[in-house]
Every structure is written in C-alpha cells, then in structure tokens.
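Novice: protein27.pdb (PDB, C-alpha atoms) pasted underneath:
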ATOM      1  CA  MET A1343    -174.451 -35.008 122.280  1.00  0.00           C
ATOM      2  CA  LEU A1344    -176.489 -36.965 124.792  1.00  0.00           C
ATOM      3  CA  ILE A1345    -177.171 -35.633 128.260  1.00  0.00           C
ATOM      4  CA  GLN A1346    -176.837 -38.336 130.866  1.00  0.00           C
ATOM      5  CA  PRO A1347    -179.162 -38.271 133.854  1.00  0.00           C
ATOM      6  CA  SER A1348    -177.441 -37.584 137.158  1.00  0.00           C
ATOM      7  CA  THR A1349    -176.234 -40.603 139.083  1.00  0.00           C
ATOM      8  CA  LEU A1350    -176.684 -38.775 142.365  1.00  0.00           C
ATOM      9  CA  SER A1351    -178.624 -40.955 144.784  1.00  0.00           C
ATOM     10  CA  ARG A1352    -181.303 -39.616 147.063  1.00  0.00           C
ATOM     11  CA  ARG A1353    -178.996 -40.241 150.041  1.00  0.00           C
ATOM     12  CA  ASP A1354    -176.188 -38.184 148.409  1.00  0.00           C
ATOM     13  CA  ALA A1355    -178.632 -35.376 147.635  1.00  0.00           C
ATOM     14  CA  VAL A1356    -179.816 -35.267 151.251  1.00  0.00           C
ATOM     15  CA  LYS A1357    -176.195 -35.196 152.489  1.00  0.00           C
ATOM     16  CA  ALA A1358    -175.347 -32.355 150.115  1.00  0.00           C
ATOM     17  CA  ALA A1359    -178.405 -30.389 151.244  1.00  0.00           C
ATOM     18  CA  ALA A1360    -177.477 -30.912 154.920  1.00  0.00           C
ATOM     19  CA  TRP A1361    -173.939 -29.619 154.280  1.00  0.00           C
ATOM     20  CA  ALA A1362    -175.317 -26.609 152.403  1.00  0.00           C
ATOM     21  CA  LEU A1363    -177.690 -25.766 155.271  1.00  0.00           C
ATOM     22  CA  ALA A1364    -174.891 -26.104 157.836  1.00  0.00           C
ATOM     23  CA  ALA A1365    -172.635 -23.838 155.782  1.00  0.00           C
ATOM     24  CA  ALA A1366    -175.421 -21.274 155.359  1.00  0.00           C
ATOM     25  CA  ALA A1367    -176.081 -21.260 159.109  1.00  0.00           C
ATOM     26  CA  ILE A1368    -172.423 -20.875 160.058  1.00  0.00           C
ATOM     27  CA  ALA A1369    -171.230 -18.509 157.307  1.00  0.00           C
ATOM     28  CA  PRO A1370    -172.938 -15.302 158.542  1.00  0.00           C
ATOM     29  CA  LYS A1371    -171.324 -15.660 161.967  1.00  0.00           C
ATOM     30  CA  LEU A1372    -167.902 -16.189 160.407  1.00  0.00           C
ATOM     31  CA  ALA A1373    -168.236 -13.241 158.053  1.00  0.00           C
ATOM     32  CA  PHE A1374    -168.156 -10.470 160.658  1.00  0.00           C
ATOM     33  CA  ALA A1375    -165.013  -8.664 161.713  1.00  0.00           C
ATOM     34  CA  ASP A1376    -164.004  -8.653 165.359  1.00  0.00           C
ATOM     35  CA  GLU A1377    -161.549  -6.858 167.613  1.00  0.00           C
ATOM     36  CA  LYS A1378    -158.639  -8.954 166.318  1.00  0.00           C
ATOM     37  CA  THR A1379    -159.530  -8.279 162.676  1.00  0.00           C
ATOM     38  CA  VAL A1380    -159.646  -4.530 163.277  1.00  0.00           C
ATOM     39  CA  ALA A1381    -156.342  -4.665 165.173  1.00  0.00           C
ATOM     40  CA  ALA A1382    -154.801  -6.538 162.227  1.00  0.00           C
ATOM     41  CA  GLU A1383    -156.078  -3.900 159.772  1.00  0.00           C
ATOM     42  CA  ILE A1384    -154.635  -1.092 161.895  1.00  0.00           C
ATOM     43  CA  LYS A1385    -151.346  -2.980 162.237  1.00  0.00           C
ATOM     44  CA  LYS A1386    -151.254  -3.424 158.459  1.00  0.00           C
ATOM     45  CA  LEU A1387    -151.489   0.359 158.087  1.00  0.00           C
ATOM     46  CA  TYR A1388    -149.247   1.521 160.936  1.00  0.00           C
ATOM     47  CA  GLY A1389    -147.348  -1.443 162.358  1.00  0.00           C
ATOM     48  CA  ASP A1390    -146.713  -1.217 166.086  1.00  0.00           C
ATOM     49  CA  LYS A1391    -146.580   2.586 166.304  1.00  0.00           C
ATOM     50  CA  PRO A1392    -147.940   3.874 169.611  1.00  0.00           C
ATOM     51  CA  MET A1393    -151.325   5.570 169.579  1.00  0.00           C
ATOM     52  CA  ALA A1394    -152.367   8.339 171.926  1.00  0.00           C
ATOM     53  CA  SER A1395    -155.871   9.168 173.041  1.00  0.00           C
ATOM     54  CA  GLY A1396    -157.247  12.611 172.519  1.00  0.00           C
ATOM     55  CA  LYS A1397    -157.361  15.160 169.699  1.00  0.00           C
ATOM     56  CA  ILE A1398    -160.255  13.264 168.070  1.00  0.00           C
ATOM     57  CA  LYS A1399    -163.851  14.225 168.700  1.00  0.00           C
ATOM     58  CA  LEU A1400    -165.988  11.296 167.587  1.00  0.00           C
ATOM     59  CA  ASP A1401    -169.666  12.232 167.520  1.00  0.00           C
ATOM     60  CA  VAL A1402    -171.856   9.156 167.124  1.00  0.00           C
ATOM     61  CA  PRO A1403    -175.196   8.208 168.661  1.00  0.00           C
ATOM     62  CA  GLU A1404    -175.123   5.962 171.718  1.00  0.00           C
ATOM     63  CA  ILE A1405    -178.168   4.126 170.383  1.00  0.00           C
ATOM     64  CA  ALA A1406    -178.850   3.760 166.662  1.00  0.00           C
ATOM     65  CA  GLU A1407    -182.491   2.922 166.083  1.00  0.00           C
ATOM     66  CA  ASN A1408    -181.670   1.746 162.572  1.00  0.00           C
ATOM     67  CA  GLY A1409    -178.319   0.167 161.712  1.00  0.00           C
ATOM     68  CA  LEU A1410    -178.794   1.027 158.035  1.00  0.00           C
ATOM     69  CA  VAL A1411    -178.178   4.735 158.605  1.00  0.00           C
ATOM     70  CA  VAL A1412    -175.882   5.660 161.497  1.00  0.00           C
ATOM     71  CA  PRO A1413    -174.453   9.206 161.391  1.00  0.00           C
ATOM     72  CA  ILE A1414    -170.822   9.762 162.296  1.00  0.00           C
ATOM     73  CA  ASN A1415    -169.050  13.102 162.702  1.00  0.00           C
ATOM     74  CA  ILE A1416    -165.287  13.268 163.127  1.00  0.00           C
ATOM     75  CA  GLU A1417    -163.301  16.331 164.134  1.00  0.00           C
ATOM     76  CA  ILE A1418    -159.568  16.296 164.790  1.00  0.00           C
ATOM     77  CA  GLU A1419    -157.865  19.062 166.749  1.00  0.00           C
ATOM     78  CA  SER A1420    -155.101  20.418 164.512  1.00  0.00           C
ATOM     79  CA  PRO A1421    -153.863  23.835 163.316  1.00  0.00           C
ATOM     80  CA  MET A1422    -153.815  22.472 159.717  1.00  0.00           C
ATOM     81  CA  THR A1423    -150.632  24.345 158.759  1.00  0.00           C
ATOM     82  CA  GLU A1424    -147.900  23.100 156.428  1.00  0.00           C
ATOM     83  CA  ALA A1425    -145.855  22.050 159.470  1.00  0.00           C
ATOM     84  CA  ASP A1426    -148.669  20.422 161.469  1.00  0.00           C
ATOM     85  CA  TYR A1427    -151.761  18.878 159.905  1.00  0.00           C
ATOM     86  CA  VAL A1428    -153.857  15.720 159.807  1.00  0.00           C
ATOM     87  CA  LYS A1429    -152.812  13.454 156.936  1.00  0.00           C
ATOM     88  CA  ALA A1430    -155.431  10.715 157.174  1.00  0.00           C
ATOM     89  CA  VAL A1431    -158.324   9.444 159.240  1.00  0.00           C
ATOM     90  CA  HIS A1432    -159.567   5.851 159.197  1.00  0.00           C
ATOM     91  CA  VAL A1433    -162.763   4.527 160.780  1.00  0.00           C
ATOM     92  CA  PHE A1434    -163.162   0.844 161.643  1.00  0.00           C
ATOM     93  CA  ALA A1435    -166.160  -1.161 162.881  1.00  0.00           C
ATOM     94  CA  GLU A1436    -165.588  -4.282 164.965  1.00  0.00           C
ATOM     95  CA  GLY A1437    -168.811  -6.075 164.032  1.00  0.00           C
ATOM     96  CA  ASN A1438    -169.303  -5.408 160.329  1.00  0.00           C
ATOM     97  CA  PRO A1439    -168.544  -7.829 157.503  1.00  0.00           C
ATOM     98  CA  GLN A1440    -165.657  -5.548 156.452  1.00  0.00           C
ATOM     99  CA  PRO A1441    -163.745  -3.807 159.266  1.00  0.00           C
ATOM    100  CA  GLY A1442    -162.887  -0.641 157.309  1.00  0.00           C
ATOM    101  CA  VAL A1443    -165.797   1.783 157.164  1.00  0.00           C
ATOM    102  CA  VAL A1444    -164.290   4.930 155.661  1.00  0.00           C
ATOM    103  CA  SER A1445    -160.943   6.671 155.157  1.00  0.00           C
ATOM    104  CA  TYR A1446    -160.280  10.359 154.601  1.00  0.00           C
ATOM    105  CA  GLN A1447    -157.166  12.129 153.337  1.00  0.00           C
ATOM    106  CA  PHE A1448    -156.487  15.732 154.400  1.00  0.00           C
ATOM    107  CA  THR A1449    -154.039  18.448 153.387  1.00  0.00           C
ATOM    108  CA  PRO A1450    -153.279  21.838 154.965  1.00  0.00           C
ATOM    109  CA  ALA A1451    -155.490  23.385 152.267  1.00  0.00           C
ATOM    110  CA  CYS A1452    -158.525  21.763 153.909  1.00  0.00           C
ATOM    111  CA  GLY A1453    -158.341  24.310 156.715  1.00  0.00           C
ATOM    112  CA  LYS A1454    -160.152  22.031 159.161  1.00  0.00           C
ATOM    113  CA  ALA A1455    -159.849  18.294 159.765  1.00  0.00           C
ATOM    114  CA  SER A1456    -163.457  17.222 160.012  1.00  0.00           C
ATOM    115  CA  ALA A1457    -165.798  14.946 158.137  1.00  0.00           C
ATOM    116  CA  ALA A1458    -169.332  13.627 158.412  1.00  0.00           C
ATOM    117  CA  THR A1459    -170.978  10.640 156.820  1.00  0.00           C
ATOM    118  CA  ARG A1460    -173.415   7.834 157.468  1.00  0.00           C
ATOM    119  CA  MET A1461    -172.459   4.210 157.883  1.00  0.00           C
ATOM    120  CA  ARG A1462    -174.160   0.863 158.100  1.00  0.00           C
ATOM    121  CA  LEU A1463    -173.675  -1.179 161.231  1.00  0.00           C
ATOM    122  CA  ALA A1464    -174.594  -4.841 161.355  1.00  0.00           C
ATOM    123  CA  GLN A1465    -174.944  -5.046 165.144  1.00  0.00           C
ATOM    124  CA  THR A1466    -174.044  -3.356 168.417  1.00  0.00           C
ATOM    125  CA  GLN A1467    -170.304  -2.722 168.280  1.00  0.00           C
ATOM    126  CA  ASP A1468    -167.322  -0.473 168.876  1.00  0.00           C
ATOM    127  CA  ILE A1469    -166.253   2.112 166.304  1.00  0.00           C
ATOM    128  CA  ILE A1470    -162.545   2.956 166.250  1.00  0.00           C
ATOM    129  CA  CYS A1471    -161.124   6.080 164.655  1.00  0.00           C
ATOM    130  CA  VAL A1472    -157.398   6.499 163.952  1.00  0.00           C
ATOM    131  CA  ALA A1473    -155.918   9.845 162.891  1.00  0.00           C
ATOM    132  CA  GLU A1474    -152.453  10.068 161.361  1.00  0.00           C
ATOM    133  CA  MET A1475    -150.709  13.391 161.809  1.00  0.00           C
ATOM    134  CA  SER A1476    -148.138  14.906 159.428  1.00  0.00           C
ATOM    135  CA  ASN A1477    -145.338  14.252 161.938  1.00  0.00           C
ATOM    136  CA  GLY A1478    -146.221  10.543 162.047  1.00  0.00           C
ATOM    137  CA  ALA A1479    -148.026  10.642 165.405  1.00  0.00           C
ATOM    138  CA  LEU A1480    -151.184   8.568 165.736  1.00  0.00           C
ATOM    139  CA  HIS A1481    -154.272   9.390 167.748  1.00  0.00           C
ATOM    140  CA  THR A1482    -157.254   7.175 168.389  1.00  0.00           C
ATOM    141  CA  ALA A1483    -160.801   7.365 169.706  1.00  0.00           C
ATOM    142  CA  LYS A1484    -163.342   4.645 170.376  1.00  0.00           C
ATOM    143  CA  ALA A1485    -167.117   4.693 170.795  1.00  0.00           C
ATOM    144  CA  ASN A1486    -169.719   2.003 171.356  1.00  0.00           C
ATOM    145  CA  ILE A1487    -172.934   2.161 169.373  1.00  0.00           C
ATOM    146  CA  LYS A1488    -175.937   0.052 170.309  1.00  0.00           C
ATOM    147  CA  VAL A1489    -177.872  -0.980 167.183  1.00  0.00           C
ATOM    148  CA  THR A1490    -181.505  -1.879 167.802  1.00  0.00           C
ATOM    149  CA  ILE A1491    -182.480  -2.811 164.194  1.00  0.00           C
ATOM    150  CA  GLY A1492    -179.955  -4.664 162.030  1.00  0.00           C
ATOM    151  CA  GLY A1493    -178.092  -2.938 159.239  1.00  0.00           C
ATOM    152  CA  CYS A1494    -175.772  -4.514 156.697  1.00  0.00           C
ATOM    153  CA  GLY A1495    -175.657  -7.920 158.317  1.00  0.00           C
ATOM    154  CA  GLY A1496    -179.231  -8.650 159.232  1.00  0.00           C
TER     155      GLY A1496
END
Could I get this file's structure written as structure tokens?
Specialist:
Amino acid sequence: MLIQPSTLSRRDAVKAAAWALAAAAIAPKLAFADEKTVAAEIKKLYGDKPMASGKIKLDVPEIAENGLVVPINIEIESPMTEADYVKAVHVFAEGNPQPGVVSYQFTPACGKASAATRMRLAQTQDIICVAEMSNGALHTAKANIKVTIGGCGG
C-alpha cells in the first residue's frame, strides 16, 4: 500500500486554517445558554403552567469573586407532609454552556426542602430556581450573580 502525498495546495490550506480560526472564535459565544434557552428547558419540563413567586429562599452571593466555586443554598417553604410537600427543585443558569445546573428530588420523608451545593458560572448571569409542589403548583425565584473571574467558560 502506497501513501500518496496530499494534493492540498498552499492556498487551500490557508483557506482551511482561516475557516478553523473563524469557527474557533465564534463557537464559544454560540455555546452559552441564554434566557430563551432556559425558558425552553423550563417549558420542556412544565409546559405553560403558571409560576408564582415566593416560597423559595435562594441564598447566593451578589458578587462571586471566582466563577469556579459559587455557593448556592435553596430553601423552600413547605410543611413536607404526605398531603403537601416539595417534589422537585431545578436550578438553571442563563449564561452557562448548559442551562441546567442541578436538580433535586424530595419526598415527605426529607422533613425539610433545602439543599446546598456549589456551581460553576461562566459569566455574570441570572440564576433561576423552579420548585414543583406535590399538588402541581410551581414556584420560582431569580437572582443575579456578578462573576468577576471566569468559571466554566473562560
């Protein structure tokens, strides 16, 4: 088996390199979620169900000095009984490569609907939290976090 040398001309190689550089420059900007992407993810989960404000205490820093490690504490007001409890909580970030940050499932046995974690944020953005109650009601909370040093995106 003989290996043939490439018939790619210098001009074709330069064109290919220019296209690769253009794609590399544009791709990071296209990769981040935005408000519409988050809305589409929420709609995929819950359709057009109405969402009420309140019941969710979203504790996040106003300014995150490092986007690699941003603490988030979520607490949902609920009696956590068999008749009335929080089923699920979803957290979304409007400026990350993937809009979904974390999801939690709860049962009445949990006793309290709260969770804490750390997340990576690529840039200054809004964090949206949606809580689904056992009766089907939805509650939401939103917070803006200013990131001074890039996290997962740069």
Novice: Pick from A:Asp1426, A:Asp1401, A:Asp1468, A:Glu1383: nearest to A:Pro1450, with all atoms listed in the file counted?
Specialist: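 Smallest distance to A:Pro1450 is found for A:Asp1426.
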Novice: What lies within 10 Å of A:Gln1440 using all atoms listed in the file, ignoring chain neighbours under 2 positions off, as a VMD selection string?
Specialist: chain A and resid 1373 to 1376 1379 to 1380 1434 to 1438 1442 to 1443
Novice: Can you translate the PyMOL selection byres ((chain A and resi 1427) around 12) into the concrete residues it hits in this file, as an MDAnalysis selection string?
Specialist: chainID A and resid 1397 1418:1426 1428:1431 1447:1456 1473:1480
Novice: Produce a file of the selected residues containing C-alpha atoms, as an mmCIF file, keeping the file's coordinate frame.
Specialist:
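Generated file (out_24.cif):
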data_model
loop_
_atom_site.group_PDB
_atom_site.id
_atom_site.type_symbol
_atom_site.label_atom_id
_atom_site.label_comp_id
_atom_site.auth_asym_id
_atom_site.auth_seq_id
_atom_site.Cartn_x
_atom_site.Cartn_y
_atom_site.Cartn_z
ATOM 1 C CA LYS A 1397 -157.361 15.160 169.699
ATOM 2 C CA ILE A 1418 -159.568 16.296 164.790
ATOM 3 C CA GLU A 1419 -157.865 19.062 166.749
ATOM 4 C CA SER A 1420 -155.101 20.418 164.512
ATOM 5 C CA PRO A 1421 -153.863 23.835 163.316
ATOM 6 C CA MET A 1422 -153.815 22.472 159.717
ATOM 7 C CA THR A 1423 -150.632 24.345 158.759
ATOM 8 C CA GLU A 1424 -147.900 23.100 156.428
ATOM 9 C CA ALA A 1425 -145.855 22.050 159.470
ATOM 10 C CA ASP A 1426 -148.669 20.422 161.469
ATOM 11 C CA VAL A 1428 -153.857 15.720 159.807
ATOM 12 C CA LYS A 1429 -152.812 13.454 156.936
ATOM 13 C CA ALA A 1430 -155.431 10.715 157.174
ATOM 14 C CA VAL A 1431 -158.324 9.444 159.240
ATOM 15 C CA GLN A 1447 -157.166 12.129 153.337
ATOM 16 C CA PHE A 1448 -156.487 15.732 154.400
ATOM 17 C CA THR A 1449 -154.039 18.448 153.387
ATOM 18 C CA PRO A 1450 -153.279 21.838 154.965
ATOM 19 C CA ALA A 1451 -155.490 23.385 152.267
ATOM 20 C CA CYS A 1452 -158.525 21.763 153.909
ATOM 21 C CA GLY A 1453 -158.341 24.310 156.715
ATOM 22 C CA LYS A 1454 -160.152 22.031 159.161
ATOM 23 C CA ALA A 1455 -159.849 18.294 159.765
ATOM 24 C CA SER A 1456 -163.457 17.222 160.012
ATOM 25 C CA ALA A 1473 -155.918 9.845 162.891
ATOM 26 C CA GLU A 1474 -152.453 10.068 161.361
ATOM 27 C CA MET A 1475 -150.709 13.391 161.809
ATOM 28 C CA SER A 1476 -148.138 14.906 159.428
ATOM 29 C CA ASN A 1477 -145.338 14.252 161.938
ATOM 30 C CA GLY A 1478 -146.221 10.543 162.047
ATOM 31 C CA ALA A 1479 -148.026 10.642 165.405
ATOM 32 C CA LEU A 1480 -151.184 8.568 165.736
#
Novice: Name the residues that the PyMOL selection byres ((chain A and resi 1488) around 8) picks from the file above, as a VMD selection string, using the file's chain letters and numbers.
Specialist: chain A and resid 1404 to 1406 1465 to 1467 1486 to 1487 1489 to 1490
Novice: Pick out the closest residue to A:Pro1403 from this set: A:Asn1415, A:Ala1483, A:Arg1462, A:Lys1357. Count only C-alpha atoms.
Specialist: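 Closest to A:Pro1403, using only C-alpha atoms: A:Asn1415.
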Novice: Between atom CA of A:Glu1377 and atom CA of A:Asp1390, what is the spacing in Å?
Specialist: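 Computing the Euclidean distance for atom CA of A:Asp1390 and atom CA of A:Glu1377 yields 15.9 Å.
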Novice: To one decimal place in Å, what is the distance between atom CA of A:Ala1457 and atom CA of A:Glu1417?
Specialist: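 Distance between the two atoms: 6.6 Å.
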